[in-house]
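Enquirer: Pasting a structure below so you can have a look.
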Amino acid sequence: EIPKKQKAMVIEKTGGPVEFKDIDVQQPGPDEVLVNIKYSGVCHTDLHAVNGDWPLPTKLPLVGGHEGAGVVVARGELVKDVEIGDHAGVKWINGSCLACDFCQQSDEPLCSKALLSGYTVDGTFQQYCIAKAAHVARLHKDIPLDGVAPVLCAGITVYKGLKESGAKPGQTVAIVGAGGGLGSLAQQYAKAMGLRCIAIDAGEDKRKMCLEQLGSYAFVDFSTSQNVAKDVQAATEDGLGPHAVILVATAEKPFQQAAEYVRPRGTVVFIGLPAGAYVRAPVFESVVKMITIRASYVGNRKDTSEALDFYRRGLIKAPFKTVGLSELQSVYDMMHKGQIAGRYVLDTSK
Ligand code: 8ID
Ligand code: ZN
Ligand code: ZN
C-alpha cells in the first residue's frame, strides 16, 4: 500500500537549511517507476547543490540525493522491463532523452536533456522517489541495499574514471581525496582492476583506513607534507610518478599540482567539482612529458551494471556509517569540515 504522504529532507532555498518534512508521494509518469527508497548515500555533490556552488541552478524546493537503493512499488503503463517488487537504484542520471547523438552512443551523461536526481528533479532523500525506468539501476535481490547505495554514484563514477585513465593492471594510480566517499571506493575498484594505489588525503583516520582497509600501499598526507608532488613521486618504485592521477578532492589546489607529479605519458583525470575552480598546468612540462589531462562525469548504464557487478562479487568493501534520514544536516556539517572517512548512508525509515 503506497501512502499519500512521506518523510523527506527538503531545502526551500539555496543555502539551506535542510528540513525534515512530510510531503506528497508523487505518481510515476508513463515511462517512470516509483521506488521506495530504503537507503541513500550522501555525496558531496548534494552539499554543492545546497550551497549553490555550481553554475547550474537546482530546482527549488529541492529534495536532494542520488545514491538511492530500494524497491519498485509502482510503474507507468509503458514500463515493461521493471516489475513491482524489483530492487532498483536511483542514480545521478535520473533520465535522458535516449535519442540524441550522445544517448545513441551511450554517453547518456552528456545528453542535454538529462534529468539529474536531487538537482533538477527530486532525489533520494525521501521515502518514495521517481525515476525513468530506462535509467534505474537493476539490483539483484542478494545485494544489501545499504552497502550498495554509495556504489550508485561514487562507485560508478570512480569505476568510469579509472577506465578513462587508461591505467593498466600492474600500474600505479594516485587517488587524490582518497579518504572521502569517491576516494574510498576508488581504491577498492582500482585494487579489483589490478592497479596499485597511492592514497592522498589528511589525518590519521583516513591514513589508517586507506592503508589497512582499502588496500593502498602508500599514503601522502597533504596537510603535513612539505612537497606533495615530490612525496607522491617518491612513493613510486622508480620515482617517476604514478601512471594516472584520479582527482576526487573538493578543493582546487590539488588540481593545480597533479600535472607536476604524474608520470611521463601519464593521465590526470578530473572528477571532483570544487566551486569556481580553474586549472593551470605548466605547458612546458606537460609537453615534454606528453601527459594527458581529461575529465570524467559519472557513467552510462553499462558502466553502472559493470560497477554493480564488482560489488555483487564481493570485490568492493568500502566503509560506511548509517544514520537516520532526519540527521542529514549533521552529515553535511561533518562533510563540510572534511571529517568523514568513507561515506554516510541514510536510513529513510528514521
Ligand atoms: O561525475 C563526477 N565527476 C562526479 C560524481 C560524483 C561526485 C563528481 N563528484 C564530485 C563531488 O561533487 C565532489 O566535488 O567529487 C567530489 C568528491 O565527492 P565526495 O567523495 O562525495 O567528497 P568527500 O567525501 O567530501 O571527499 C573529499 C575529500 O577530498 C579531500 C578531503 O579531505 C576529503 O576526504 N581533500 C581536500 I577538500 N583537499 C585535498 C587535497 N589537497 C584532499 N585530498 C587530497 N589533497
Ligand atoms: Zn554523487
Ligand atoms: Zn539524449
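Here's how to read the names in the C-alpha cells: chain A, B, ... by the order shown, residue numbers from 1 in each chain, ligand numbers from 1 in the order shown.
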Neighbouring residues of Leu47 of chain A were defined as those with any atom within 12 Å, considering only C-alpha atoms; residues of the same chain fewer than 3 positions away were excluded. Please report them as a PyMOL selection string.
Expert: chain A and resi 11+14-18+42-44+50-54+58+63-66+118-119+250+273-275+328-337
Enquirer: Would you mind writing down, as an MDAnalysis selection string, each residue of segment 25-254 of chain A that DSSP on the backbone assigns to strand (DSSP E)?
Expert: chainID A and resid 32:41 62:63 68:75 87:90 93:95 115:116 128:132 137:139 172:176 196:201 218:221 244:247
Enquirer: Which residues are near ligand 3 in this structure, taking near to mean any atom at most 12 Å from a ligand atom and counting only C-alpha atoms and all ligand atoms? Format them as number ranges by chain.
Expert: A: 93, 95-115, 300
Enquirer: 12 Å from ligand 2 is the threshold here; counting only C-alpha atoms and all ligand atoms, which polymer residues fall inside it? Answer as a PyMOL selection string.
Expert: chain A and resi 40-49+64-68+90-93+116-119+123-124+149-158+180-183+248+271-273+297-299+343
Enquirer: Which residue gives the smallest distance to ligand 1 among A:Lys253, A:Lys141, A:Lys289, A:Lys230, with only C-alpha atoms and all ligand atoms counted?
Expert: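 Among the listed residues, A:Lys253 lies closest to ligand 1.
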Enquirer: Give me the residues within 7 Å of segment 254-265 of chain A as a ChimeraX atom specification, counting only C-alpha atoms and dropping any in the same chain fewer than 2 places off.
Expert: /A:229,232-233,240-245,247,251-252,267-268,279-281,286,289-291
